[in-house]
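So the structure is just underneath, and the comments pick up after that.
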Amino acid sequence: MKKGKGTVVKSTGSQYLVKIEDERIIPCSIKGKFRIKGIRATNPVAVGDHVGFEWLEDETGGIITSIKERSNYIIRKSSNLSKEYQLLATNVDVAWLMISMTLPRTLTPFIDRFLVSAEAYRIPVIILFNKTDLYGLSEQEEMNHLKSVYTDIGYRCMQMSLQTREGVKEVQDEMIGKVNVISGNSGVGKSTLINVLDPAIRLKIGEVSDYHKTGKHTTTFSEMFELSSGIRIIDTPGIRGFGTIDIEREELFHFFPEIFRASKNCKYHNCIHMHEPDCGVKAGVENGSISEFRYINYLMMMEEEDDKYR
């Protein structure tokens with residue numbers, strides 16, 4: 001059987017589009033055994049995977065037979081209760097978390113859930129504030145506060161307005177030569193950004209609901225776009241139920257970098273920074289070296305039921 005290899009550029013659940021070495025894109029399916037190997041995901045193959053396949057006899061497509069080991073991956077909770085998660089993207093160089101202070105407003109628990117999962121799966125994150133042309137004084141102050149907190153922790157923050165194009169060139173320069181994944185609430189501007197970076201790509205732009213002020217889902221499946229500038233972007237479905245999966249409760253603090261650093265000052269080695277005495281993390285919150293909202297988000301995640309973590 002003739003064999004080939006390539007990179008998955010689109011997933012539609014049961015079918016995959018694979019870009020092969022001669023730049024052609026071919027449809028592939030997967031062997032049934034992938035579904036019963038104990039992979040706890042609704043989709044064992046994801047956009048970004050480097051795969052091996054066997055050509056069909058007429059060479060109109062192929063059957064995926066192997067997946068190269070992944071450097072990292074990003075997931076979200078599956079709506080299928082019999083599974084645990086859905087793979088959104090793999091082998092990512094940088095994840096862009098697009099957020100906004102208005103229309104829709106991104107809440108910090110959402111931000112921190114994303115960052116925890118990215119830390120757990122070894123994906124570098126850049127926090128990208130969008131829609132800055134809509135910010136009044138209060139939104140500007142809130143953005144500046146969040147930028148200060150996350151920059152101090154060690155995250156890179158950038159800002160832009162897709163309406164005025166301010167900051168877009170800086171974002172574009174940062175993306176060149178990398179596999180980028182764009183995530184964030186529906187309606188925050190993910191598809192619009194791709195269209196601005198390469199007008200030849202006509203993605204369906206989601207309208208923001210006037211009543212609910214939240215985005216409508218427009219991206220159903222993940223897809224990798226290769227832009228004319230050489231940028232590769234994986235567009236993902238709007239992540240509303242982004243969760244911390246496969247993270248033990250006692251390990252959660254490892255993925256809050258500033259909390260992990262402060263934990264070295266705890267009296268007890270098994271401190272989980274909730275009710276224990278002589279806790280270096282609680283002392284950090286009191287002296288201002290750890291942001292109060294980050295600590296509150298940590299506590300909220302700690303107090304969720306165990307099935308939120310597994």
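All residue names refer to the structure tokens as shown: chains lettered A, B, ... in order, residues numbered from 1 in each chain, ligands numbered from 1 in order.
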Practice problem: Tell me which protein, DNA and RNA residues are within 12 Å of Glu21 of chain A, counting only C-alpha atoms, leaving out same-chain ones fewer than 4 positions away, and put them as a list in words. | Solution: Gly4, Lys5, Gly6, Thr7, Val8, Ile25, Ile26, His50, Val51 and Gly52 of chain A
Can you spit out the residues from that selection as a PDB file, in the first residue's frame, using C-alpha atoms?
```pdb
ATOM      1  CA  GLY A   4       2.364   9.298   2.583  1.00  0.00           C
ATOM      2  CA  LYS A   5       2.623  11.875   5.324  1.00  0.00           C
ATOM      3  CA  GLY A   6       1.379  15.363   5.998  1.00  0.00           C
ATOM      4  CA  THR A   7      -0.175  17.803   8.452  1.00  0.00           C
ATOM      5  CA  VAL A   8      -3.846  17.943   9.388  1.00  0.00           C
ATOM      6  CA  ILE A  25      -4.670  18.959   0.415  1.00  0.00           C
ATOM      7  CA  ILE A  26      -6.356  15.564   0.468  1.00  0.00           C
ATOM      8  CA  HIS A  50       1.691  15.337  11.753  1.00  0.00           C
ATOM      9  CA  VAL A  51       0.286  12.085  10.431  1.00  0.00           C
ATOM     10  CA  GLY A  52       1.167   9.104   8.287  1.00  0.00           C
TER      11      GLY A  52
END
```
Self-check item: All alpha helix (DSSP H) residues (DSSP, backbone) inside segment 224-297 of chain A, as a PyMOL selection string
Solution: chain A and resi 257-262+280-287+292-297
Restricted to N, CA and C atoms, what would the selected residues look like written as a PDB file, in the first residue's frame?
```pdb
ATOM      1  N   PRO A 257       1.845  30.581  37.951  1.00  0.00           N
ATOM      2  CA  PRO A 257       3.286  30.752  38.197  1.00  0.00           C
ATOM      3  C   PRO A 257       3.626  31.539  39.456  1.00  0.00           C
ATOM      4  N   GLU A 258       2.915  32.622  39.740  1.00  0.00           N
ATOM      5  CA  GLU A 258       3.238  33.435  40.909  1.00  0.00           C
ATOM      6  C   GLU A 258       2.848  32.725  42.207  1.00  0.00           C
ATOM      7  N   ILE A 259       1.788  31.924  42.171  1.00  0.00           N
ATOM      8  CA  ILE A 259       1.395  31.144  43.346  1.00  0.00           C
ATOM      9  C   ILE A 259       2.405  30.028  43.585  1.00  0.00           C
ATOM     10  N   PHE A 260       2.855  29.408  42.509  1.00  0.00           N
ATOM     11  CA  PHE A 260       3.863  28.349  42.640  1.00  0.00           C
ATOM     12  C   PHE A 260       5.156  28.900  43.246  1.00  0.00           C
ATOM     13  N   ARG A 261       5.559  30.087  42.789  1.00  0.00           N
ATOM     14  CA  ARG A 261       6.777  30.689  43.346  1.00  0.00           C
ATOM     15  C   ARG A 261       6.614  30.990  44.830  1.00  0.00           C
ATOM     16  N   ALA A 262       5.458  31.523  45.207  1.00  0.00           N
ATOM     17  CA  ALA A 262       5.223  31.885  46.611  1.00  0.00           C
ATOM     18  C   ALA A 262       5.074  30.660  47.497  1.00  0.00           C
ATOM     19  N   GLY A 280       2.646  30.821  52.541  1.00  0.00           N
ATOM     20  CA  GLY A 280       3.349  31.856  51.810  1.00  0.00           C
ATOM     21  C   GLY A 280       2.505  32.497  50.727  1.00  0.00           C
ATOM     22  N   VAL A 281       1.552  31.748  50.189  1.00  0.00           N
ATOM     23  CA  VAL A 281       0.685  32.287  49.138  1.00  0.00           C
ATOM     24  C   VAL A 281      -0.278  33.309  49.721  1.00  0.00           C
ATOM     25  N   LYS A 282      -0.920  32.956  50.844  1.00  0.00           N
ATOM     26  CA  LYS A 282      -1.844  33.908  51.475  1.00  0.00           C
ATOM     27  C   LYS A 282      -1.094  35.155  51.927  1.00  0.00           C
ATOM     28  N   ALA A 283       0.143  34.964  52.376  1.00  0.00           N
ATOM     29  CA  ALA A 283       0.953  36.128  52.753  1.00  0.00           C
ATOM     30  C   ALA A 283       1.237  36.998  51.539  1.00  0.00           C
ATOM     31  N   GLY A 284       1.432  36.354  50.369  1.00  0.00           N
ATOM     32  CA  GLY A 284       1.671  37.099  49.138  1.00  0.00           C
ATOM     33  C   GLY A 284       0.460  37.912  48.720  1.00  0.00           C
ATOM     34  N   VAL A 285      -0.732  37.357  48.943  1.00  0.00           N
ATOM     35  CA  VAL A 285      -1.959  38.103  48.630  1.00  0.00           C
ATOM     36  C   VAL A 285      -2.070  39.317  49.549  1.00  0.00           C
ATOM     37  N   GLU A 286      -1.747  39.118  50.820  1.00  0.00           N
ATOM     38  CA  GLU A 286      -1.850  40.207  51.795  1.00  0.00           C
ATOM     39  C   GLU A 286      -0.860  41.325  51.512  1.00  0.00           C
ATOM     40  N   ASN A 287       0.337  40.979  51.075  1.00  0.00           N
ATOM     41  CA  ASN A 287       1.328  42.041  50.827  1.00  0.00           C
ATOM     42  C   ASN A 287       1.281  42.579  49.391  1.00  0.00           C
ATOM     43  N   GLU A 292      -5.172  39.743  44.054  1.00  0.00           N
ATOM     44  CA  GLU A 292      -6.309  39.165  44.777  1.00  0.00           C
ATOM     45  C   GLU A 292      -7.250  38.430  43.828  1.00  0.00           C
ATOM     46  N   PHE A 293      -7.491  38.987  42.639  1.00  0.00           N
ATOM     47  CA  PHE A 293      -8.437  38.311  41.746  1.00  0.00           C
ATOM     48  C   PHE A 293      -7.870  36.981  41.242  1.00  0.00           C
ATOM     49  N   ARG A 294      -6.556  36.910  41.068  1.00  0.00           N
ATOM     50  CA  ARG A 294      -5.954  35.637  40.651  1.00  0.00           C
ATOM     51  C   ARG A 294      -6.111  34.597  41.755  1.00  0.00           C
ATOM     52  N   TYR A 295      -5.919  35.005  42.984  1.00  0.00           N
ATOM     53  CA  TYR A 295      -6.068  34.073  44.103  1.00  0.00           C
ATOM     54  C   TYR A 295      -7.516  33.627  44.233  1.00  0.00           C
ATOM     55  N   ILE A 296      -8.463  34.542  44.062  1.00  0.00           N
ATOM     56  CA  ILE A 296      -9.882  34.184  44.128  1.00  0.00           C
ATOM     57  C   ILE A 296     -10.223  33.186  43.019  1.00  0.00           C
ATOM     58  N   ASN A 297      -9.704  33.405  41.827  1.00  0.00           N
ATOM     59  CA  ASN A 297      -9.949  32.463  40.731  1.00  0.00           C
ATOM     60  C   ASN A 297      -9.344  31.097  41.038  1.00  0.00           C
TER      61      ASN A 297
END
```
Practice problem: Measure the distance from atom CA of Cys157 of chain A to atom CA of Leu115 of chain A in Å and round it to one decimal. | Solution: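 A separation of 12.8 Å between them.
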Quiz item: Any idea what's packed within 9 Å of Ile272 of chain A, counting only C-alpha atoms, ignoring anything in its chain fewer than 4 positions away? Could you give it as an MDAnalysis selection string?
Solution: chainID A and resid 249:253 263 276 279
Quiz prompt | Pick from A:Gln163, A:Asn43, A:Asn144, A:Thr106 nearest to Lys131 of chain A, counting only C-alpha atoms | solution = A:Gln163
Exercise. Name the closest residue to Ile67 of chain A among the candidates A:Ile30, A:Thr102, A:Lys190, A:His145; distances are taken between atoms, counting only C-alpha atoms.
Key: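 The shortest atom-to-atom distance to Ile67 of chain A comes from A:Ile30.
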Quiz item: A:Ala120, A:Val94, A:Leu17, A:Val9: which is nearest Val181 of chain A, counting only C-alpha atoms?
Solution: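 Residue with the minimum atom-to-atom distance to Val181 of chain A: A:Val94.
Comparing A:Ala41, A:Met1, A:Ile247, A:Ile64 by their smallest distance to Ser29 of chain A, the closest is A:Ile64 (using only C-alpha atoms).
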Exercise. Could you give me the residues within segment 86-245 of chain A that DSSP places in strand (DSSP E), as an NGL selection string?
Key: :A and (86-90 or 94-99 or 125-129 or 156-159 or 179-184 or 223-226 or 232-235)
I'd like the contact shell of Val171 of chain A - 10 Å cut-off, only C-alpha atoms, skipping same-chain residues fewer than 5 positions apart - returned as a tab-separated table (two decimals) with C-alpha atoms, in the first residue's frame.
```
chain	number	residue	atom	x	y	z
A	96	TRP	CA	-3.15	33.99	21.36
A	126	ILE	CA	0.26	35.96	24.42
A	128	LEU	CA	-4.16	40.07	23.11
A	158	MET	CA	-0.35	43.15	23.39
A	159	GLN	CA	-3.24	45.35	22.32
A	160	MET	CA	-4.91	46.30	19.06
A	166	GLU	CA	-3.77	50.10	15.56
A	176	ILE	CA	5.27	35.17	11.16
A	193	LEU	CA	-8.29	39.18	12.75
A	197	LEU	CA	-4.25	39.71	8.13
```
Quiz prompt | Arg232 of chain A environment, 10 Å, only C-alpha atoms, sequence neighbours closer than 3 positions dropped, as a ChimeraX atom specification | solution = /A:9,175-181,224-229,235
Quiz item: So which one's closest to Glu139 of chain A, A:Arg105, A:Phe114, A:Arg24, A:Glu119? Using only C-alpha atoms, please.
Solution: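 Ranked by minimum distance to Glu139 of chain A, first place goes to A:Arg105.
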Exercise. Just give me the gap between atom CA of Lys31 of chain A and atom CA of Ile233 of chain A in Å, one decimal is fine.
Key: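 Computed distance, atom CA of Lys31 of chain A to atom CA of Ile233 of chain A, equals 27.3 Å.
For the choices A:Val196, A:Ala118, A:Met301, A:Leu137, the atom-to-atom distance to Ala95 of chain A is smallest for A:Ala118 when using only C-alpha atoms.
Relative to atom CA of Lys147 of chain A, atom CA of Asp133 of chain A is found at 16.7 Å.
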